[in-house]
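Okay, entry-v1.cif now, which holds mmCIF, C-alpha atoms and all ligand atoms:
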data_data
#
loop_
_atom_site.label_atom_id
_atom_site.label_comp_id
_atom_site.auth_asym_id
_atom_site.auth_seq_id
_atom_site.Cartn_x
_atom_site.Cartn_y
_atom_site.Cartn_z
CA MET C 1 -38.53 -1.61 19.01
CA VAL C 2 -35.15 -1.11 20.71
CA ARG C 3 -35.87 -4.16 22.86
CA THR C 4 -36.44 -6.29 19.75
CA LEU C 5 -33.22 -5.00 18.18
CA LEU C 6 -31.23 -5.62 21.37
CA ILE C 7 -32.42 -9.21 21.69
CA ARG C 8 -31.82 -9.79 17.98
CA GLY C 9 -28.30 -8.35 18.28
CA MET C 10 -27.45 -10.60 21.21
CA LEU C 11 -28.81 -13.67 19.42
CA CYS C 12 -26.71 -12.81 16.36
CA GLY C 13 -23.78 -12.39 18.77
CA LEU C 14 -24.39 -15.88 20.16
CA LEU C 15 -24.39 -17.31 16.64
CA ALA C 16 -21.25 -15.34 15.78
CA GLY C 17 -19.63 -16.61 18.99
CA LEU C 18 -20.21 -20.24 18.02
CA LEU C 19 -18.62 -19.67 14.61
CA VAL C 20 -15.70 -17.75 16.12
CA PHE C 21 -15.17 -20.50 18.70
CA GLY C 22 -15.12 -23.16 15.98
CA PHE C 23 -12.48 -21.23 14.07
CA ALA C 24 -10.44 -20.41 17.17
CA LYS C 25 -10.50 -24.02 18.33
CA VAL C 26 -9.26 -25.38 15.00
CA PHE C 27 -6.84 -22.64 13.91
CA GLY C 28 -6.06 -20.43 16.90
CA GLU C 29 -5.40 -23.02 19.62
CA PRO C 30 -2.45 -24.72 17.86
CA GLN C 31 -0.71 -21.32 17.79
CA VAL C 32 -1.46 -20.75 21.48
CA ASP C 33 -0.05 -24.22 22.24
CA SER C 34 3.11 -23.51 20.22
CA ALA C 35 3.57 -20.24 22.10
CA ILE C 36 3.09 -21.97 25.46
CA ALA C 37 5.59 -24.68 24.45
CA PHE C 38 8.10 -21.90 23.72
CA GLU C 39 7.29 -20.28 27.07
CA SER C 40 7.74 -23.57 28.98
CA ALA C 41 11.09 -24.18 27.30
CA MET C 42 12.23 -20.68 28.32
CA ASP C 43 11.00 -21.17 31.89
CA GLU C 44 12.73 -24.51 32.20
CA ALA C 45 15.99 -23.03 30.97
CA LYS C 46 15.65 -20.23 33.52
CA VAL C 47 14.89 -22.62 36.40
CA LYS C 48 17.96 -24.69 35.45
CA ALA C 49 20.18 -21.65 35.19
CA ASP C 50 18.93 -20.32 38.53
CA ALA C 51 19.29 -23.71 40.21
CA ALA C 52 22.90 -23.78 39.03
CA LYS C 53 23.35 -20.42 40.82
CA GLY C 54 21.65 -21.78 43.93
CA ILE C 55 18.33 -19.93 43.47
CA HIS C 56 15.14 -21.97 43.68
CA ASP C 57 12.31 -20.55 41.57
CA MET C 58 8.74 -20.87 42.77
CA GLN C 59 6.42 -22.44 40.21
CA ALA C 60 3.06 -20.68 40.08
CA PRO C 61 0.22 -23.10 40.88
CA GLU C 62 -2.00 -24.02 37.92
CA LEU C 63 -5.50 -22.67 38.62
CA VAL C 64 -7.10 -23.83 35.38
CA SER C 65 -5.71 -26.74 33.37
CA ARG C 66 -4.69 -26.24 29.75
CA PRO C 67 -7.48 -28.50 28.37
CA VAL C 68 -10.11 -26.46 30.28
CA GLN C 69 -8.56 -23.16 29.11
CA ALA C 70 -8.60 -24.39 25.51
CA SER C 71 -12.21 -25.64 25.60
CA TRP C 72 -14.70 -24.27 28.15
CA GLY C 73 -12.59 -21.24 28.95
CA LEU C 74 -12.18 -20.30 25.30
CA LEU C 75 -15.86 -20.98 24.61
CA THR C 76 -16.97 -18.83 27.56
CA GLY C 77 -14.64 -15.95 26.69
CA VAL C 78 -15.62 -15.93 23.02
CA MET C 79 -19.37 -16.30 23.69
CA VAL C 80 -19.49 -13.53 26.29
CA TYR C 81 -17.42 -11.24 24.05
CA SER C 82 -19.52 -11.90 20.92
CA THR C 83 -22.87 -11.65 22.68
CA ALA C 84 -21.84 -8.38 24.32
CA PHE C 85 -20.68 -6.97 20.98
CA GLY C 86 -23.96 -8.16 19.43
CA GLY C 87 -25.86 -6.14 22.02
CA LEU C 88 -23.66 -3.05 21.53
CA PHE C 89 -23.99 -3.42 17.77
CA ALA C 90 -27.80 -3.46 18.09
CA LEU C 91 -27.81 -0.34 20.29
CA VAL C 92 -25.60 1.60 17.87
CA PHE C 93 -27.76 0.35 15.01
CA ALA C 94 -30.92 1.51 16.83
CA PHE C 95 -29.44 4.99 16.88
CA ALA C 96 -27.81 4.95 13.44
CA ASN C 97 -30.60 3.43 11.34
CA GLY C 98 -32.42 6.19 9.50
CA ARG C 99 -29.94 8.78 10.83
CA VAL C 100 -26.71 7.90 9.04
CA SER C 101 -28.58 8.53 5.83
CA SER C 102 -32.25 8.79 4.97
CA SER C 103 -31.81 6.60 1.92
CA LEU C 104 -29.97 3.55 3.23
CA SER C 105 -31.95 0.40 3.91
CA PRO C 106 -31.50 -1.39 7.28
CA ARG C 107 -29.29 -4.13 5.88
CA THR C 108 -26.98 -1.57 4.25
CA VAL C 109 -26.73 0.38 7.52
CA ALA C 110 -25.95 -2.87 9.39
CA ALA C 111 -23.26 -3.86 6.87
CA LEU C 112 -21.64 -0.41 6.98
CA LEU C 113 -21.78 -0.44 10.77
CA ALA C 114 -20.01 -3.80 10.90
CA LEU C 115 -17.35 -2.61 8.46
CA THR C 116 -16.64 0.63 10.31
CA GLY C 117 -16.95 -1.26 13.60
CA ILE C 118 -14.21 -3.80 12.87
CA VAL C 119 -11.92 -1.05 11.56
CA ALA C 120 -12.43 1.24 14.57
CA VAL C 121 -12.58 -1.40 17.31
CA TYR C 122 -10.08 -3.99 16.09
CA VAL C 123 -8.07 -3.29 12.93
CA VAL C 124 -6.70 0.14 13.76
CA PRO C 125 -5.92 -0.47 17.47
CA ASN C 126 -4.24 -3.75 16.44
CA LEU C 127 -2.11 -2.09 13.77
CA LYS C 128 -0.54 -0.10 16.61
CA TYR C 129 -0.70 -2.73 19.36
CA PRO C 130 -1.06 -6.13 17.68
CA ALA C 131 -2.56 -9.22 19.33
CA ASN C 132 0.11 -11.34 21.01
CA PRO C 133 0.23 -15.04 21.90
CA PRO C 134 1.28 -16.17 25.40
CA SER C 135 4.96 -15.51 26.27
CA VAL C 136 5.05 -12.28 24.24
CA GLY C 137 4.86 -9.42 26.73
CA HIS C 138 6.34 -8.86 30.20
CA PRO C 139 3.96 -9.47 33.11
CA ASP C 140 5.13 -6.22 34.75
CA THR C 141 4.05 -4.06 31.79
CA ILE C 142 0.50 -5.48 31.63
CA GLY C 143 -0.87 -2.27 33.21
CA ILE C 144 0.63 0.16 30.74
CA ARG C 145 -0.05 -2.16 27.78
CA THR C 146 -3.73 -2.47 28.70
CA GLN C 147 -4.01 1.28 29.23
CA LEU C 148 -2.41 2.09 25.87
CA TYR C 149 -4.49 -0.50 24.01
CA PHE C 150 -7.80 0.78 25.36
CA THR C 151 -6.74 4.42 24.83
CA MET C 152 -5.92 3.63 21.19
CA MET C 153 -9.27 1.89 20.80
CA ALA C 154 -11.22 4.75 22.41
CA LEU C 155 -9.51 7.37 20.22
CA SER C 156 -10.09 5.25 17.12
CA ILE C 157 -13.81 4.92 17.92
CA ALA C 158 -14.04 8.66 18.65
CA ALA C 159 -12.37 9.45 15.31
CA MET C 160 -14.81 7.11 13.54
CA VAL C 161 -17.81 8.83 15.15
CA GLY C 162 -16.29 12.18 14.10
CA ALA C 163 -15.88 10.89 10.55
CA ALA C 164 -19.53 9.75 10.45
CA VAL C 165 -20.74 13.18 11.61
CA LEU C 166 -18.45 14.89 9.09
CA ARG C 167 -19.74 12.69 6.26
CA LYS C 168 -23.33 13.52 7.07
CA ARG C 169 -22.60 17.29 7.27
CA LEU C 170 -20.71 17.36 3.96
CA ALA C 171 -23.09 15.13 1.99
CA PRO C 172 -25.82 17.69 1.13
CA LYS C 173 -23.32 20.17 -0.32
CA HIS C 174 -20.59 17.97 -1.82
CA GLY C 175 -22.50 14.79 -2.65
CA VAL C 176 -22.29 11.40 -0.96
CA TRP C 177 -19.14 10.21 -2.77
CA SER C 178 -16.95 13.21 -1.92
CA ALA C 179 -18.38 13.37 1.59
CA ALA C 180 -17.47 9.71 2.18
CA LEU C 181 -13.95 10.29 0.83
CA PHE C 182 -13.44 13.35 3.06
CA ALA C 183 -14.69 11.44 6.08
CA THR C 184 -12.41 8.47 5.33
CA ALA C 185 -9.42 10.79 4.91
CA PHE C 186 -10.30 12.50 8.20
CA TYR C 187 -10.38 9.16 10.04
CA VAL C 188 -7.14 7.89 8.50
CA VAL C 189 -5.23 11.11 9.23
CA VAL C 190 -6.49 11.33 12.84
CA VAL C 191 -5.66 7.71 13.73
CA ALA C 192 -2.31 7.95 11.92
CA ILE C 193 -1.36 10.98 14.04
CA VAL C 194 -2.60 9.27 17.22
CA ALA C 195 -0.67 6.08 16.39
CA ALA C 196 2.49 8.08 15.66
CA LEU C 197 2.26 9.91 19.01
CA MET C 198 1.46 6.87 21.18
CA PRO C 199 4.52 5.03 22.58
CA PRO C 200 5.55 1.79 20.85
CA ILE C 201 5.55 -1.61 22.59
CA ASN C 202 7.97 -4.25 21.35
CA GLU C 203 8.19 -7.17 23.71
CA VAL C 204 8.53 -10.08 21.30
CA PRO C 205 11.35 -12.32 22.61
CA ALA C 206 14.29 -12.34 20.19
CA ASP C 207 13.99 -16.03 19.36
CA PHE C 208 10.19 -16.32 19.36
CA PRO C 209 9.16 -18.20 16.17
CA ALA C 210 7.99 -15.61 13.61
CA VAL C 211 5.70 -18.10 11.88
CA VAL C 212 3.76 -18.74 15.10
CA LEU C 213 3.42 -14.98 15.70
CA TRP C 214 2.18 -14.39 12.14
CA HIS C 215 -0.36 -17.23 12.25
CA PHE C 216 -1.57 -16.18 15.68
CA ARG C 217 -2.23 -12.61 14.50
CA ILE C 218 -3.88 -13.72 11.26
CA ASP C 219 -6.14 -16.10 13.22
CA SER C 220 -7.01 -13.35 15.69
CA PHE C 221 -7.93 -11.08 12.76
CA ALA C 222 -9.99 -13.85 11.10
CA MET C 223 -11.95 -14.37 14.33
CA GLN C 224 -12.90 -10.69 14.28
CA VAL C 225 -13.88 -10.86 10.59
CA ILE C 226 -16.14 -13.84 11.33
CA MET C 227 -17.76 -12.06 14.28
CA TRP C 228 -18.36 -8.71 12.58
CA ALA C 229 -19.48 -10.26 9.29
CA THR C 230 -22.01 -12.44 11.11
CA LEU C 231 -23.26 -9.47 13.15
CA GLY C 232 -23.51 -7.16 10.15
CA LEU C 233 -25.00 -9.55 7.63
CA VAL C 234 -27.29 -11.75 9.76
CA PHE C 235 -28.57 -8.90 11.91
CA GLY C 236 -29.01 -6.80 8.74
CA ALA C 237 -30.89 -9.51 6.87
CA VAL C 238 -33.29 -10.21 9.74
CA THR C 239 -33.92 -6.51 10.37
CA GLU C 240 -34.47 -5.88 6.67
CA ARG C 241 -37.05 -8.68 6.58
CA ALA C 242 -38.83 -7.34 9.63
CA ALA C 243 -38.96 -3.85 8.11
CA GLN C 244 -40.30 -5.24 4.84
CA ALA C 245 -42.92 -7.29 6.65
CA ARG C 246 -44.05 -4.14 8.46
CA ASN C 247 -44.24 -2.06 5.29
CA GLY C 248 -44.90 -5.00 2.98
CA TYR C 249 -47.91 -3.52 1.25
CA ARG C 250 -45.88 -0.66 -0.17
CA LEU C 251 -42.18 -1.56 -0.07
CA GLY C 252 -41.11 -5.17 -0.35
CA GLY C 253 -43.14 -8.33 -0.59
CA PRO C 254 -45.19 -9.61 -3.51
CA MET C 255 -47.58 -6.64 -3.34
CA GLY C 256 -44.89 -4.02 -3.01
CA ALA C 257 -42.92 -5.41 -5.92
CA ALA C 258 -45.81 -4.65 -8.22
CA TRP C 259 -45.65 -0.99 -7.27
CA ARG C 260 -41.99 -0.51 -7.99
CA MET R 1 -37.24 8.27 -0.62
CA SER R 2 -36.83 11.73 -2.08
CA ASN R 3 -34.11 13.24 -4.30
CA THR R 4 -32.14 10.02 -4.64
CA THR R 5 -28.91 10.58 -6.49
CA ILE R 6 -26.82 7.88 -8.12
CA GLY R 7 -24.76 6.09 -5.52
CA SER R 8 -26.76 7.35 -2.58
CA ASP R 9 -28.33 3.97 -2.02
CA ILE R 10 -26.60 0.66 -2.49
CA GLY R 11 -29.75 -1.41 -2.17
CA THR R 12 -33.10 -0.92 -3.78
CA ASP R 13 -35.02 -1.03 -0.53
CA ILE R 14 -36.22 1.93 1.42
CA ALA R 15 -34.76 3.26 4.67
CA SER R 16 -36.63 3.05 7.95
CA ALA R 17 -37.56 6.17 9.92
CA PRO R 18 -35.13 6.78 12.80
CA ILE R 19 -36.13 5.62 16.29
CA PRO R 20 -36.57 8.73 18.52
CA VAL R 21 -33.51 9.33 20.71
CA ARG R 22 -35.56 9.34 23.94
CA GLU R 23 -36.65 5.80 23.07
CA VAL R 24 -33.05 4.61 22.58
CA LEU R 25 -31.53 6.34 25.64
CA PRO R 26 -32.95 4.15 28.46
CA TRP R 27 -31.54 1.06 26.72
CA LEU R 28 -28.01 2.41 26.95
CA ILE R 29 -27.91 1.00 30.49
CA PHE R 30 -27.64 -2.39 28.78
CA GLY R 31 -24.71 -1.01 26.82
CA LEU R 32 -22.91 -0.57 30.15
CA VAL R 33 -23.69 -4.19 31.04
CA MET R 34 -22.18 -5.26 27.69
CA LEU R 35 -19.06 -3.19 28.36
CA LEU R 36 -18.71 -4.79 31.80
CA ALA R 37 -18.96 -8.24 30.18
CA ILE R 38 -16.24 -7.33 27.67
CA TYR R 39 -14.12 -6.00 30.55
CA PHE R 40 -14.32 -9.38 32.31
CA VAL R 41 -13.17 -11.22 29.20
CA GLY R 42 -10.54 -8.64 28.27
CA ALA R 43 -8.96 -7.14 31.36
CA GLU R 44 -10.24 -8.50 34.72
CA GLU R 45 -7.42 -9.79 36.94
CA GLY R 46 -4.90 -8.52 34.43
CA ALA R 47 -4.24 -4.81 34.64
CA THR R 48 -7.03 -4.23 37.16
CA SER R 49 -9.18 -6.47 39.30
CA ILE R 50 -12.69 -6.44 40.75
CA ILE R 51 -12.76 -10.04 41.97
CA LYS R 52 -9.84 -11.38 44.03
CA GLY R 53 -7.60 -14.10 42.69
CA MET R 54 -6.65 -15.12 39.17
CA TYR R 55 -9.41 -17.56 38.31
CA VAL R 56 -11.31 -15.41 35.78
CA HIS R 57 -8.05 -14.44 34.08
CA GLU R 58 -6.87 -18.05 33.86
CA PHE R 59 -10.24 -19.36 32.71
CA VAL R 60 -10.77 -16.95 29.78
CA HIS R 61 -7.01 -16.77 29.12
CA ASP R 62 -6.91 -18.19 25.57
CA GLY R 63 -9.86 -16.08 24.46
CA ARG R 64 -8.22 -12.99 25.92
CA HIS R 65 -5.08 -13.53 23.84
CA LEU R 66 -6.91 -14.47 20.64
CA LEU R 67 -9.38 -11.59 20.91
CA GLY R 68 -6.45 -9.18 20.89
CA PHE R 69 -6.34 -8.04 24.52
CA PRO R 70 -2.97 -7.49 26.19
CA CYS R 71 -2.05 -10.35 28.52
CA HIS R 72 1.21 -11.82 29.81
ZN ZN C 301 -1.75 -14.66 28.87
#
Write out the structure in this file as structure tokens.
Amino acid sequence: MVRTLLIRGMLCGLLAGLLVFGFAKVFGEPQVDSAIAFESAMDEAKVKADAAKGIHDMQAPELVSRPVQASWGLLTGVMVYSTAFGGLFALVFAFANGRVSSSLSPRTVAALLALTGIVAVYVVPNLKYPANPPSVGHPDTIGIRTQLYFTMMALSIAAMVGAAVLRKRLAPKHGVWSAALFATAFYVVVVAIVAALMPPINEVPADFPAVVLWHFRIDSFAMQVIMWATLGLVFGAVTERAAQARNGYRLGGPMGAAWR
Amino acid sequence: MSNTTIGSDIGTDIASAPIPVREVLPWLIFGLVMLLAIYFVGAEEGATSIIKGMYVHEFVHDGRHLLGFPCH
């Protein structure tokens, strides 16, 4: 059972990855290129200025060419990421289905999981530490930036798990609507406090084009929406079908419909 | 599907019984594999490094930026 779900999740992740890659290639890459053009212009100016002072800058050797980064590299990164999230999604689903609530069908659980997943894993951490194109961010702060980003993500996920537990505890006494509202409020307040306490990072160069930054972040967000929507809806639909096929004689299917 | 109240179920289909926890647990090892895979896309040869050099970082570079991970 878990094995089936895991394989299904990873296949949905593969599908999601292809869609995300298509979007990233068409919409995301031009922003990355613009950012790199800005970066090159800055570097050139620095090399010139240094040369005028008698300092000769070392150019870092190019390990992977830009065309490879923008095609096979992007494809590999996106596919590995999506397939891995598909697998994780399936494992969380295997635990959550039937436990989150005893009255939610598999496809509803999958959709809710995708919605809470994108909020906890991407939206909230990115509201505090937004996605940045190349040339935004100092190379020497990569350590602290990575640490803070993953800390924010871990706390956001922990708060979401806490909210889910709280919702389930409150539901029998206060009803599902109020319980869901309480749980949502709990999550929002916790992550707001966490975000307020975590140190800010502002490393956008003063003259970096705002339009490029905006488009880059919107495209990054859209990629996540595509991935999570595909995971939630396709995985949910297939799992729902499988469950109906198993219980067809009494739940779904032509026979089951007659009983409802 | 007992004592269903209004709004407790969005769909009209019936929930599945939960999979016993002891059946799910052994599969969590694969979860670690998934996390390792995400680490390679998101952070390897950036903040920390398992493999020497910068090849992995350079290769998945565009994905790393667009997927929201901190980079240069
Ligand atoms: Zn970078």
Item to check | Surrounding residues as a VMD selection string, ligand ZN 301 (chain C), max 10 Å, all atoms listed in the file | outcome: (chain C and resid 32 36 132 to 137 139 142) or (chain R and resid 46 57 to 58 60 to 66 69 to 72)
Item to check | Residue neighbourhood segment 224-234 of chain C, 8 Å, all atoms listed in the file, exclusion window fewer than 2 positions, as a ChimeraX atom specification | outcome: /C:9,12-13,15-17,19-20,82,86,89,107,110-115,117-118,122,220-222,236-238 /R:67
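Separating atom CA of Val78 of chain C from atom CA of Lys128 of chain C is a distance of 22.8 Å.
When atom CA of Asp33 of chain C is paired with atom CA of Tyr129 of chain C, their separation reads 21.7 Å.
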Contacts of Gln69 of chain C at 7 Å (all atoms listed in the file; same-chain gap of 3+ positions) as a compact mmCIF listing (two decimals) with C-alpha atoms, in the coordinates of the input:
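So out-v8.txt came out as:
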# COMPACT_ATOMS: atom_id res chain seq x y z
CA VAL C 64 -7.10 -23.83 35.38
CA SER C 65 -5.71 -26.74 33.37
CA ARG C 66 -4.69 -26.24 29.75
CA TRP C 72 -14.70 -24.27 28.15
CA GLY C 73 -12.59 -21.24 28.95
CA LEU C 74 -12.18 -20.30 25.30
CA PHE R 59 -10.24 -19.36 32.71
CA VAL R 60 -10.77 -16.95 29.78
CA HIS R 61 -7.01 -16.77 29.12
CA ASP R 62 -6.91 -18.19 25.57
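Considering the residues C:Val165, C:Ile193, C:Val80, C:Met160 and counting only C-alpha atoms, chain R has its shortest atom-to-atom contact with C:Val80.
The spacing separating atom CA of Gly22 of chain C from atom CA of Asn126 of chain C amounts to 22.3 Å.
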Checklist entry - Which residue out of C:Ala210, C:His174, C:Ala158, C:Gly77 has the minimum interatomic distance to Glu44 of chain R when only C-alpha atoms are used? => result C:Gly77
Next on the checklist: Set the distance at 7 Å and use all atoms listed in the file: which residues neighbour Ile19 of chain R once local chain neighbours fewer than 4 positions away are removed? I'd like the list as a PyMOL selection string.
Outcome noted: (chain C and resi 94-95) or (chain R and resi 23)
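With distances taken over all atoms listed in the file, C:Leu127 is the one residue among C:Val194, C:Val161, C:Ala245, C:Leu127 lying closest to Gly68 of chain R.
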